[in-house]
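Undergrad: Pasting input18.cif here (mmCIF, C-alpha atoms):
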```cif
data_structure
loop_
_atom_site.label_atom_id
_atom_site.label_comp_id
_atom_site.auth_asym_id
_atom_site.auth_seq_id
_atom_site.Cartn_x
_atom_site.Cartn_y
_atom_site.Cartn_z
CA MET A 273 0.31 -2.47 -33.69
CA SER A 274 -1.16 -5.01 -36.14
CA GLY A 275 -4.63 -4.58 -34.70
CA ASN A 276 -3.62 -6.29 -31.48
CA VAL A 277 -3.43 -3.28 -29.18
CA THR A 278 -5.01 0.05 -28.51
CA LEU A 279 -2.51 2.88 -28.06
CA ARG A 280 -3.37 5.64 -25.62
CA ASP A 281 -1.19 8.74 -25.56
CA ASP A 282 -2.65 11.41 -23.29
CA LEU A 283 0.25 13.83 -23.81
CA ARG A 284 1.79 12.94 -20.50
CA SER A 285 4.99 11.20 -19.43
CA SER A 286 3.72 7.67 -20.05
CA ILE A 287 2.04 5.81 -22.88
CA LYS A 288 -0.27 2.86 -22.21
CA ILE A 289 -0.66 0.06 -24.70
CA ARG A 290 -3.86 -1.87 -24.02
CA PHE A 291 -4.09 -5.33 -25.58
CA ARG A 292 -7.27 -6.88 -26.96
CA PRO A 293 -9.25 -9.03 -24.51
CA GLY A 294 -7.56 -12.37 -24.07
CA LEU A 295 -4.11 -11.07 -25.00
CA ARG A 296 -1.62 -10.46 -22.22
CA LEU A 297 2.14 -10.23 -21.90
CA SER A 298 3.48 -13.19 -19.96
CA ASP A 299 6.27 -12.65 -17.44
CA GLU A 300 8.74 -14.14 -19.91
CA ALA A 301 7.53 -12.01 -22.82
CA PHE A 302 7.62 -8.86 -20.70
CA TRP A 303 11.16 -9.66 -19.54
CA ARG A 304 12.32 -10.21 -23.12
CA LEU A 305 10.70 -6.96 -24.23
CA CYS A 306 12.51 -5.03 -21.49
CA ARG A 307 15.82 -6.70 -22.33
CA ALA A 308 15.37 -5.75 -26.00
CA ASN A 309 14.64 -2.12 -25.09
CA PRO A 310 17.12 -1.21 -22.32
CA ASN A 311 16.69 2.52 -22.90
CA LEU A 312 12.96 2.39 -22.11
CA ARG A 313 11.40 2.27 -18.66
CA LEU A 314 8.57 -0.22 -18.94
CA GLU A 315 5.87 -1.29 -16.48
CA ARG A 316 2.91 -3.64 -16.70
CA SER A 317 -0.39 -2.84 -15.02
CA ALA A 318 -2.51 -5.40 -13.19
CA ALA A 319 -4.95 -5.12 -16.11
CA GLY A 320 -2.22 -6.26 -18.48
CA GLU A 321 -1.47 -2.87 -20.06
CA LEU A 322 2.08 -2.18 -21.18
CA ILE A 323 3.17 1.19 -19.80
CA ILE A 324 6.03 3.06 -21.48
CA VAL A 325 7.45 5.74 -19.20
CA SER A 326 9.54 8.51 -20.71
CA PRO A 327 13.12 8.94 -19.43
CA SER A 328 13.55 11.26 -16.47
CA GLY A 329 14.68 14.82 -17.06
CA ALA A 330 17.99 15.82 -15.52
CA ASP A 331 16.33 17.62 -12.60
CA SER A 332 14.08 14.66 -11.78
CA ASP A 333 16.97 12.23 -12.03
CA ARG A 334 19.14 14.15 -9.58
CA ARG A 335 16.28 14.13 -7.05
CA ASN A 336 15.81 10.38 -7.48
CA LEU A 337 19.54 9.81 -7.09
CA GLY A 338 19.57 11.87 -3.90
CA ILE A 339 16.88 9.69 -2.33
CA ALA A 340 18.45 6.40 -3.41
CA ALA A 341 21.89 7.52 -2.19
CA GLN A 342 20.61 8.45 1.27
CA LEU A 343 18.67 5.19 1.52
CA TRP A 344 21.69 3.14 0.46
CA ASN A 345 24.00 4.96 2.89
CA TRP A 346 21.61 4.38 5.79
CA ASN A 347 21.31 0.70 4.91
CA GLN A 348 25.10 0.29 4.76
CA ALA A 349 25.69 2.17 7.99
CA ASN A 350 23.15 0.03 9.86
CA GLY A 351 24.60 -3.36 9.04
CA LEU A 352 22.63 -4.12 5.88
CA PRO A 353 19.23 -4.83 7.45
CA GLY A 354 17.77 -4.96 3.97
CA VAL A 355 18.37 -4.16 0.31
CA ALA A 356 17.94 -0.69 -1.19
CA PHE A 357 16.90 -0.08 -4.80
CA GLY A 358 16.86 2.82 -7.24
CA PRO A 359 14.49 3.55 -10.13
CA SER A 360 15.84 0.86 -12.46
CA ALA A 361 14.51 -2.06 -10.40
CA GLY A 362 11.20 -3.69 -11.27
CA PHE A 363 8.99 -5.69 -8.92
CA THR A 364 6.17 -8.09 -9.79
CA LEU A 365 3.44 -7.39 -7.25
CA PRO A 366 0.98 -10.03 -6.01
CA ASN A 367 -1.68 -8.54 -8.33
CA THR A 368 0.68 -9.30 -11.31
CA ALA A 369 1.53 -5.64 -12.00
CA VAL A 370 5.21 -4.93 -12.62
CA ARG A 371 6.17 -1.60 -11.08
CA GLY A 372 9.38 0.38 -10.79
CA PRO A 373 9.25 2.91 -7.94
CA ASP A 374 11.84 5.68 -7.82
CA ALA A 375 13.31 4.13 -4.66
CA ALA A 376 12.46 1.05 -2.62
CA TRP A 377 13.66 -1.14 0.24
CA ILE A 378 13.12 -4.81 1.14
CA SER A 379 14.09 -6.37 4.47
CA ARG A 380 16.96 -8.87 4.41
CA ASP A 381 14.96 -11.95 5.42
CA ARG A 382 12.30 -11.37 2.75
CA TRP A 383 14.96 -10.76 0.08
CA GLU A 384 16.92 -13.89 1.00
CA SER A 385 13.75 -15.99 0.86
CA LEU A 386 13.62 -15.40 -2.90
CA SER A 387 15.35 -17.70 -5.35
CA GLU A 388 18.40 -16.45 -7.26
CA ASP A 389 16.47 -16.73 -10.52
CA ASP A 390 13.66 -14.58 -9.14
CA ARG A 391 16.08 -11.95 -7.83
CA ALA A 392 17.70 -11.71 -11.27
CA ARG A 393 14.46 -10.63 -12.93
CA PHE A 394 11.39 -8.63 -11.87
CA THR A 395 11.29 -10.36 -8.53
CA HIS A 396 7.87 -11.46 -7.24
CA ILE A 397 7.64 -9.32 -4.15
CA CYS A 398 6.30 -5.95 -3.02
CA PRO A 399 8.85 -3.78 -1.21
CA GLU A 400 8.04 -2.76 2.35
CA PHE A 401 9.04 0.82 1.51
CA VAL A 402 8.50 2.71 -1.74
CA VAL A 403 9.02 6.26 -3.01
CA GLU A 404 7.55 7.97 -6.04
CA VAL A 405 8.77 11.42 -7.07
CA ARG A 406 6.49 13.48 -9.27
CA SER A 407 7.99 15.01 -12.38
CA PRO A 408 6.30 18.04 -14.04
CA SER A 409 4.62 15.82 -16.66
CA ASP A 410 3.25 13.24 -14.21
CA ARG A 411 -0.43 13.21 -13.34
CA LYS A 412 -0.73 13.17 -9.59
CA GLY A 413 -3.86 11.03 -9.68
CA GLU A 414 -1.94 8.25 -11.42
CA LEU A 415 0.87 8.40 -8.87
CA ARG A 416 -1.66 8.27 -6.03
CA ALA A 417 -3.21 5.20 -7.60
CA LYS A 418 0.24 3.57 -7.70
CA MET A 419 0.78 4.37 -4.02
CA ARG A 420 -2.56 2.76 -3.13
CA GLU A 421 -1.59 -0.25 -5.24
CA TYR A 422 1.68 -0.65 -3.34
CA LEU A 423 -0.17 -0.60 -0.02
CA ALA A 424 -2.78 -3.09 -1.24
CA ASN A 425 0.01 -5.45 -2.23
CA GLY A 426 2.00 -5.35 1.00
CA ALA A 427 3.96 -2.09 1.30
CA ARG A 428 4.19 -0.77 4.85
CA LEU A 429 5.28 2.81 4.12
CA GLY A 430 5.20 4.97 1.00
CA TRP A 431 6.15 8.53 0.18
CA LEU A 432 4.80 10.48 -2.76
CA ILE A 433 7.09 13.48 -3.11
CA ASP A 434 5.88 16.38 -5.23
CA PRO A 435 8.66 18.94 -5.74
CA THR A 436 6.78 20.98 -8.35
CA ILE A 437 6.76 24.67 -7.54
CA LYS A 438 3.02 24.86 -6.86
CA ALA A 439 3.10 21.92 -4.46
CA ARG A 440 6.31 21.21 -2.50
CA THR A 441 4.44 18.51 -0.60
CA VAL A 442 4.93 14.96 0.62
CA GLU A 443 2.07 12.48 0.97
CA ILE A 444 2.74 9.66 3.43
CA TYR A 445 0.96 6.35 2.84
CA ARG A 446 0.52 3.77 5.59
CA PRO A 447 -1.72 0.66 5.69
CA ASP A 448 -5.19 1.24 7.14
CA LEU A 449 -4.55 4.95 7.80
CA SER A 450 -5.54 8.14 6.03
CA VAL A 451 -2.91 9.76 3.83
CA GLU A 452 -0.88 12.34 5.72
CA VAL A 453 0.07 15.45 3.73
CA LEU A 454 3.10 17.52 4.75
CA LYS A 455 3.83 20.95 3.28
CA ARG A 456 7.52 21.56 2.64
CA PRO A 457 8.97 19.38 5.42
CA ASP A 458 12.73 19.51 5.98
CA THR A 459 13.05 15.78 6.65
CA LEU A 460 11.08 12.52 6.59
CA SER A 461 11.28 9.67 9.09
CA GLY A 462 11.46 6.01 8.10
CA GLU A 463 9.34 5.29 11.19
CA ASP A 464 9.21 1.65 12.32
CA VAL A 465 9.86 0.35 8.80
CA LEU A 466 13.31 1.94 8.38
CA LEU A 467 14.40 2.45 11.97
CA GLY A 468 16.65 5.47 12.31
CA PHE A 469 16.40 6.53 8.67
CA VAL A 470 15.84 10.26 8.16
CA LEU A 471 15.66 11.60 4.61
CA ASP A 472 17.08 15.11 4.18
CA LEU A 473 14.84 16.80 1.63
CA ARG A 474 17.26 19.55 0.65
CA GLY A 475 17.92 19.17 -3.06
CA ILE A 476 14.92 16.87 -3.37
CA LEU A 477 11.80 18.77 -2.32
CA PHE A 478 13.47 22.18 -2.41
CA ASP A 479 16.91 23.63 -3.19
#
```
Could you express the structure from this file as C-alpha coordinates?
TA:
Amino acid sequence: MSGNVTLRDDLRSSIKIRFRPGLRLSDEAFWRLCRANPNLRLERSAAGELIIVSPSGADSDRRNLGIAAQLWNWNQANGLPGVAFGPSAGFTLPNTAVRGPDAAWISRDRWESLSEDDRARFTHICPEFVVEVRSPSDRKGELRAKMREYLANGARLGWLIDPTIKARTVEIYRPDLSVEVLKRPDTLSGEDVLLGFVLDLRGILFD
(Lines of atoms letter the chains of each structure in order from A and count residues from 1; the text may use other names and numbers.)
(Lines give C-alpha, C1' and ligand atoms only; values in the text may rest on other atoms or scores of the structure.)
Protein backbone atom coordinates (compact mmCIF):
# COMPACT_ATOMS: atom_id res chain seq x y z
CA MET A 1 0.00 0.00 0.00
CA SER A 2 2.99 2.29 -0.67
CA GLY A 3 3.42 3.03 3.02
CA ASN A 4 0.21 5.03 3.09
CA VAL A 5 -2.06 2.59 4.91
CA THR A 6 -2.03 -0.05 7.57
CA LEU A 7 -3.81 -3.26 6.57
CA ARG A 8 -5.65 -5.19 9.25
CA ASP A 9 -6.93 -8.66 8.42
CA ASP A 10 -8.33 -10.38 11.50
CA LEU A 11 -9.43 -13.50 9.60
CA ARG A 12 -13.02 -12.38 9.52
CA SER A 13 -15.43 -11.31 6.79
CA SER A 14 -14.08 -7.78 6.47
CA ILE A 15 -10.69 -6.15 6.01
CA LYS A 16 -9.99 -2.65 7.33
CA ILE A 17 -7.48 -0.38 5.65
CA ARG A 18 -6.40 2.37 8.03
CA PHE A 19 -4.75 5.40 6.45
CA ARG A 20 -1.91 7.38 8.00
CA PRO A 21 -2.96 10.40 10.09
CA GLY A 22 -3.99 13.24 7.83
CA LEU A 23 -4.94 10.96 4.94
CA ARG A 24 -8.61 10.32 4.30
CA LEU A 25 -10.75 9.23 1.37
CA SER A 26 -12.93 12.09 0.20
CA ASP A 27 -16.52 11.38 -0.83
CA GLU A 28 -15.50 11.69 -4.47
CA ALA A 29 -12.48 9.40 -4.11
CA PHE A 30 -14.54 6.81 -2.25
CA TRP A 31 -17.24 6.92 -4.93
CA ARG A 32 -14.66 6.45 -7.69
CA LEU A 33 -13.08 3.55 -5.82
CA CYS A 34 -16.45 1.81 -5.50
CA ARG A 35 -17.25 2.41 -9.16
CA ALA A 36 -13.89 0.90 -10.14
CA ASN A 37 -14.52 -2.19 -7.99
CA PRO A 38 -18.19 -3.12 -8.53
CA ASN A 39 -17.67 -6.67 -7.26
CA LEU A 40 -16.53 -5.46 -3.83
CA ARG A 41 -18.76 -4.29 -1.01
CA LEU A 42 -17.00 -1.27 0.46
CA GLU A 43 -17.76 0.89 3.48
CA ARG A 44 -15.99 3.82 5.13
CA SER A 45 -15.88 4.20 8.90
CA ALA A 46 -16.30 7.52 10.70
CA ALA A 47 -12.58 7.28 11.50
CA GLY A 48 -11.79 7.22 7.80
CA GLU A 49 -10.97 3.51 7.51
CA LEU A 50 -11.77 1.75 4.26
CA ILE A 51 -13.68 -1.45 5.02
CA ILE A 52 -13.72 -4.26 2.46
CA VAL A 53 -16.54 -6.70 3.14
CA SER A 54 -16.40 -10.14 1.57
CA PRO A 55 -19.29 -11.18 -0.71
CA SER A 56 -22.20 -12.91 0.98
CA GLY A 57 -22.42 -16.68 0.88
CA ALA A 58 -25.44 -18.14 -0.87
CA ASP A 59 -27.26 -18.87 2.39
CA SER A 60 -26.71 -15.35 3.72
CA ASP A 61 -27.78 -13.80 0.43
CA ARG A 62 -31.08 -15.68 0.33
CA ARG A 63 -31.88 -14.45 3.85
CA ASN A 64 -31.08 -10.86 2.87
CA LEU A 65 -33.22 -11.17 -0.24
CA GLY A 66 -36.12 -12.51 1.82
CA ILE A 67 -36.05 -9.45 4.09
CA ALA A 68 -35.70 -6.94 1.26
CA ALA A 69 -38.51 -8.62 -0.71
CA GLN A 70 -40.94 -8.49 2.21
CA LEU A 71 -40.03 -4.87 2.93
CA TRP A 72 -40.48 -3.89 -0.72
CA ASN A 73 -43.82 -5.71 -0.98
CA TRP A 74 -45.15 -3.99 2.15
CA ASN A 75 -44.04 -0.60 0.85
CA GLN A 76 -45.74 -1.18 -2.51
CA ALA A 77 -48.95 -2.47 -0.96
CA ASN A 78 -49.22 0.55 1.34
CA GLY A 79 -49.04 3.25 -1.31
CA LEU A 80 -45.28 3.84 -1.32
CA PRO A 81 -44.94 5.66 2.01
CA GLY A 82 -41.19 5.46 1.61
CA VAL A 83 -38.34 3.83 -0.28
CA ALA A 84 -37.01 0.35 0.48
CA PHE A 85 -33.39 -0.69 -0.08
CA GLY A 86 -31.40 -3.91 -0.25
CA PRO A 87 -27.76 -4.57 0.66
CA SER A 88 -26.25 -2.82 -2.36
CA ALA A 89 -27.25 0.69 -1.23
CA GLY A 90 -24.78 2.88 0.64
CA PHE A 91 -25.63 5.79 2.92
CA THR A 92 -23.37 8.59 4.13
CA LEU A 93 -24.28 9.10 7.78
CA PRO A 94 -24.02 12.46 9.57
CA ASN A 95 -20.77 11.25 11.21
CA THR A 96 -19.29 10.80 7.65
CA ALA A 97 -19.30 6.98 7.78
CA VAL A 98 -20.60 5.27 4.64
CA ARG A 99 -22.59 2.18 5.58
CA GLY A 100 -24.52 -0.44 3.64
CA PRO A 101 -27.07 -2.24 5.83
CA ASP A 102 -28.59 -5.49 4.58
CA ALA A 103 -31.98 -3.76 4.29
CA ALA A 104 -33.17 -0.23 4.96
CA TRP A 105 -36.13 2.12 4.56
CA ILE A 106 -36.46 5.91 4.27
CA SER A 107 -39.75 7.81 4.48
CA ARG A 108 -40.97 9.45 1.28
CA ASP A 109 -40.71 13.07 2.44
CA ARG A 110 -37.11 12.65 3.64
CA TRP A 111 -36.12 10.89 0.40
CA GLU A 112 -37.71 13.55 -1.80
CA SER A 113 -35.93 16.30 0.14
CA LEU A 114 -32.62 15.03 -1.27
CA SER A 115 -31.22 16.30 -4.54
CA GLU A 116 -31.11 13.99 -7.56
CA ASP A 117 -27.32 14.08 -7.51
CA ASP A 118 -27.25 13.01 -3.86
CA ARG A 119 -29.72 10.18 -4.48
CA ALA A 120 -27.54 8.88 -7.30
CA ARG A 121 -24.56 8.33 -5.01
CA PHE A 122 -24.09 7.40 -1.34
CA THR A 123 -26.85 9.72 -0.29
CA HIS A 124 -26.25 11.87 2.80
CA ILE A 125 -28.94 10.50 5.06
CA CYS A 126 -29.43 7.86 7.75
CA PRO A 127 -32.38 5.53 7.10
CA GLU A 128 -35.14 5.47 9.70
CA PHE A 129 -35.08 1.66 9.62
CA VAL A 130 -32.09 -0.65 9.19
CA VAL A 131 -31.43 -4.39 9.29
CA GLU A 132 -28.17 -6.25 9.68
CA VAL A 133 -28.04 -10.03 9.28
CA ARG A 134 -25.12 -11.84 10.84
CA SER A 135 -23.23 -14.29 8.65
CA PRO A 136 -21.13 -17.07 10.26
CA SER A 137 -17.90 -15.06 9.79
CA ASP A 138 -19.22 -11.79 11.24
CA ARG A 139 -18.18 -10.68 14.69
CA LYS A 140 -21.30 -9.83 16.63
CA GLY A 141 -19.57 -7.04 18.54
CA GLU A 142 -18.85 -5.22 15.27
CA LEU A 143 -22.45 -5.56 14.12
CA ARG A 144 -23.68 -4.25 17.48
CA ALA A 145 -21.39 -1.26 17.11
CA LYS A 146 -22.90 -0.59 13.67
CA MET A 147 -26.42 -0.75 15.13
CA ARG A 148 -25.47 1.77 17.82
CA GLU A 149 -23.95 3.97 15.13
CA TYR A 150 -27.18 3.92 13.12
CA LEU A 151 -29.16 4.98 16.18
CA ALA A 152 -26.69 7.74 17.03
CA ASN A 153 -27.07 9.10 13.51
CA GLY A 154 -30.86 9.15 13.34
CA ALA A 155 -32.26 5.63 12.85
CA ARG A 156 -35.53 5.02 14.68
CA LEU A 157 -35.62 1.21 14.55
CA GLY A 158 -32.98 -1.43 13.89
CA TRP A 159 -32.92 -5.20 13.83
CA LEU A 160 -29.80 -7.30 14.25
CA ILE A 161 -30.78 -10.78 13.11
CA ASP A 162 -28.49 -13.65 14.07
CA PRO A 163 -29.55 -16.87 12.31
CA THR A 164 -26.46 -18.85 13.34
CA ILE A 165 -27.35 -22.19 14.88
CA LYS A 166 -26.12 -21.31 18.38
CA ALA A 167 -28.10 -18.07 18.47
CA ARG A 168 -31.34 -17.80 16.45
CA THR A 169 -31.93 -14.40 18.02
CA VAL A 170 -33.05 -10.91 17.06
CA GLU A 171 -31.82 -7.79 18.83
CA ILE A 172 -34.14 -4.79 18.51
CA TYR A 173 -32.58 -1.33 18.70
CA ARG A 174 -34.62 1.77 19.49
CA PRO A 175 -33.45 5.30 20.44
CA ASP A 176 -33.04 5.89 24.18
CA LEU A 177 -34.12 2.34 25.10
CA SER A 178 -32.27 -0.78 26.13
CA VAL A 179 -31.73 -3.41 23.44
CA GLU A 180 -34.50 -5.99 23.40
CA VAL A 181 -33.40 -9.57 22.68
CA LEU A 182 -35.88 -12.07 21.25
CA LYS A 183 -35.14 -15.80 21.05
CA ARG A 184 -36.42 -17.42 17.86
CA PRO A 185 -39.44 -15.16 17.23
CA ASP A 186 -41.77 -16.11 14.38
CA THR A 187 -42.31 -12.51 13.25
CA LEU A 188 -41.12 -8.95 13.85
CA SER A 189 -43.25 -5.80 13.92
CA GLY A 190 -42.28 -2.57 12.18
CA GLU A 191 -43.89 -0.75 15.12
CA ASP A 192 -44.62 2.96 14.61
CA VAL A 193 -41.80 3.33 12.07
CA LEU A 194 -43.21 0.89 9.49
CA LEU A 195 -46.90 0.84 10.36
CA GLY A 196 -48.45 -2.51 9.57
CA PHE A 197 -45.22 -4.18 8.47
CA VAL A 198 -44.70 -7.67 9.87
CA LEU A 199 -41.59 -9.60 8.85
CA ASP A 200 -42.10 -13.36 8.56
CA LEU A 201 -38.87 -14.92 9.81
CA ARG A 202 -39.35 -18.32 8.20
CA GLY A 203 -36.42 -18.85 5.86
CA ILE A 204 -34.56 -15.99 7.51
CA LEU A 205 -34.05 -16.81 11.18
CA PHE A 206 -34.97 -20.47 10.81
CA ASP A 207 -36.06 -22.86 8.03
Undergrad: Need the shell around range 449-454 of chain A: protein/DNA/RNA residues with any atom at most 10 Å away, counting all atoms listed in the file. Skip same-chain ones fewer than 4 positions apart. Format as number ranges by chain?
TA: A: 420, 430-433, 440-445, 458, 460
Undergrad: I'd like to know which of A:Ala375, A:Ala308, A:Leu467, A:Leu386 is closest to Trp346 in chain A, using all atoms listed in the file.
TA: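 Of all the options, A:Leu467 lies closest to Trp346 in chain A.
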Undergrad: One decimal, in Å: what's the spacing between CA of Thr436 in chain A and CA of Arg335 in chain A?
TA: 11.8 Å
Undergrad: For the structure shown, which residues end up in the PyMOL selection byres ((chain A and resi 320) around 8)? Put them as a list in words, please?
TA: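 Going through the file, the PyMOL selection byres ((chain A and resi 320) around 8) ends up selecting Arg290, Phe291, Arg296, Leu297, Arg316, Ser317, Ala318, Ala319, Glu321, Leu322 and Ala369 of chain A.
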Undergrad: Assuming the chain letters and numbering stay as they are in my file, what does the PyMOL selection byres ((chain A and resi 427) around 7) actually select? List them as a list in words.
TA: Cys398, Pro399, Glu400, Phe401, Tyr422, Leu423, Asn425, Gly426, Arg428 and Leu429 of chain A
Undergrad: Expand the PyMOL selection byres ((chain A and resi 355) around 10) into the individual residues it matches in the shown file, reporting them as a list in words.
TA: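 Selected by the PyMOL selection byres ((chain A and resi 355) around 10) in this file: Leu343, Trp344, Asn347, Gln348, Leu352, Pro353, Gly354, Ala356, Phe357, Ala376, Trp377, Ile378, Ser379, Arg380, Asp381, Arg382, Trp383, Glu384 and Pro399 of chain A.
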Undergrad: What does the distance from CA of Gln342 in chain A to CA of Ala392 in chain A come to in Å, to one decimal?
TA: 23.9 Å
Undergrad: Contacts of Ile476 in chain A at 10 Å or less, counting only C-alpha atoms, minus same-chain residues fewer than 4 places along, as a PyMOL selection string?
TA: chain A and resi 331-332+334-339+405+433-435+440+458+471-472
Undergrad: For a test of reading the model, state the distance in Å between CA of Ser461 in chain A and CA of Gly351 in chain A, rounded to one decimal.
TA: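 Rounded to one decimal, the two atoms are 18.6 Å apart.
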Undergrad: Which residue out of A:Arg371, A:Asp299, A:Ala349, A:Asp333 has the minimum interatomic distance to Gly475 in chain A when only C-alpha atoms are used?
TA: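 Result for the nearest residue to Gly475 in chain A: A:Asp333.
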